[in-house]
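Take a look at the structure set out below.
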Amino acid sequence: MLNTNRNILFKATILALCVISVVHVFLFPLYEGKGVALRTFGDFEQSLCTNNIKRRKTWRLSRCPQDGIVTNMQGGRLANQMWEYASVWAVARRTGLEPYIPRCIKLKLDQIFEQLSVPGFEEIAHCPIEFNTFVKSIEEWTFTNQSIILPRYTLQPELVLAWVQDIKQEFRFKKKLRDKAQHTLWGVVRKLPKKQYTFVGVHVRRTDYEKYLKRKYDEDLVDAQFFLNAMAYFRNKYANPLFIYVTDDPKWCFNHFGKFKDVFVASYNSNNTPAQDLAIMSSCNHSIFDYGTFGEWGSILAGGETVYYNMTQNIKKGTWRVMKNWIGMN
């Protein structure tokens, strides 16, 4: 009888271990599918990235986290990754957990912004990892030994923008980008009569968004009338506004708005990178944008008033609830 009980107990233990193993495979299929054993945070980092990152042969050995960490998975382009970074930054502030950003995000942002405070995984790459401590959101987090892994395209506007002035300091552009943005604005006003001008950055998103909006929200691209209405709002409220357009469709913008003497399409006949366009928009006093995270971040970093297109996608994000100087316009 004793041996039988031991056999039953042994089988139950093996079954429990198998269940735990299945959970690990479910959570991190990218690495398990390649047959790589995830033992450390260095092993784990690649599973957070959509593109391959080179394994580092040497790491800076720092102390291992005493409690859980906050990190995220990579998704999207510049502005999406800014939200991912900012969400990790803000969740860490709220919970007291240590934040870490995978290199596939951090290396890109480090090229654009000065002295980002959230470290990369090289700090803790040597440390052992326990997958059974991970949860997927701050709502699931219940104690300090748990870690939080935020999903791709994560948005935490109500949490991030509770510290809006601090996150604006976090995303301080490198000097060469700030200088290029100021040079662009100065290039506009030096051809005009000497007055006190108010700069309004305008972001127009078209190209890839036409099919995306139709597929996901059954919405069409906003037409020119929205931008005309938004510009009329600023013309009525501020003296001598100048509208600085950054866009992925400069030809469309120039054809519709280039006739106005107070409009300058900064993306027209230029080879600006997205980072340069974002720096230009953030250097303005106020903002107009239709949709998308790029226009959101340009408006957040600029401060001032923002007029945005009042549609399903923007309403769902909740950014407007935090930014009280943002105005939705149809």
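Residues are named by chain letter and number: chains run A, B, ... in the order of the structure tokens, numbers start at 1 in each chain, and ligands are numbered from 1 in the order shown.
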For range 86-193 of chain A against range 263-285 of chain A, with a cut-off of 10 Å and counting only C-alpha atoms, what is the closest atom pair and its distance in Å to one decimal for every residue that makes the cut, ordered by chain and number, as CSV?
```
residue,atom,partner,partner_atom,distance
A:Leu109,CA,A:Ala275,CA,9.6
A:Gln111,CA,A:Ala275,CA,9.4
A:Ile112,CA,A:Ala275,CA,6.8
A:Phe113,CA,A:Ala275,CA,9.5
A:Lys168,CA,A:Ser282,CA,9.9
A:Arg172,CA,A:Ala279,CA,9.3
A:Phe173,CA,A:Ala279,CA,6.9
A:Lys174,CA,A:Ala279,CA,9.4
A:Lys176,CA,A:Gln276,CA,9.4
A:Leu177,CA,A:Gln276,CA,6.0
A:Arg178,CA,A:Ala279,CA,6.4
A:Asp179,CA,A:Ala279,CA,9.3
A:Lys180,CA,A:Gln276,CA,7.4
A:Ala181,CA,A:Ile280,CA,4.5
A:Gln182,CA,A:Ser283,CA,7.3
A:His183,CA,A:Ile280,CA,9.3
A:Thr184,CA,A:Ile280,CA,7.4
A:Leu185,CA,A:Ile280,CA,7.8
A:Val188,CA,A:Phe264,CA,7.4
```
Problem set entry | Distance query range 241-254 of chain A at most 7 Å, only C-alpha atoms, self and fewer than 2 positions along chain excluded, as number ranges by chain | A: 197-207, 234-235, 238-239, 256-258, 262-268, 277
For this session: Identify, on the basis of only C-alpha atoms, every residue whose closest approach to range 133-136 of chain A does not exceed 10 Å; exclude the query and any residue fewer than 6 positions from it along the same chain; express the result as a list of chain:residue names.
Result: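 With the cut-off at 10 Å, the set is A:Leu27, A:Asp67, A:Gly68, A:Ile69, A:Val70, A:Thr71, A:Asn72, A:Thr142, A:Phe143, A:Thr144, A:Asn145, A:Gln146, A:Ser147, A:Ile148, A:Ile149, A:Leu150, A:Pro151.
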For this session: With a distance cut-off of 12 Å and only C-alpha atoms, select the neighbouring residues of Val91 in chain A, excluding the residue or stretch itself and same-chain residues fewer than 5 positions from it, and output the selection as JSON, numbers by chain.
Result: {"A": [69, 70, 71, 72, 83, 84, 85, 86, 96, 97, 98, 99, 100, 118, 136, 137, 138, 139, 141, 147, 148, 149, 150, 154, 155, 156, 157, 158, 159, 160, 161, 162, 163]}
Can you list, as a PDB file with C-alpha atoms, in the first residue's frame, every protein, DNA or RNA residue that comes within 8 Å of Ala79 in chain A when you count only C-alpha atoms, leaving out same-chain residues fewer than 6 positions away?
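around-v1.pdb, written as the output of this step:
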```pdb
ATOM      1  CA  THR A 293       0.391  57.866 -32.422  1.00  0.00           C
ATOM      2  CA  PHE A 294       2.856  60.104 -34.325  1.00  0.00           C
ATOM      3  CA  TRP A 297       3.346  62.447 -29.513  1.00  0.00           C
TER       4      TRP A 297
END
```
Exercise. Suppose you want the space between CA of Val322 in chain A and CA of Pro102 in chain A; what is it in Å?
Worked result: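 According to the coordinates, CA of Val322 in chain A and CA of Pro102 in chain A are separated by 28.0 Å.
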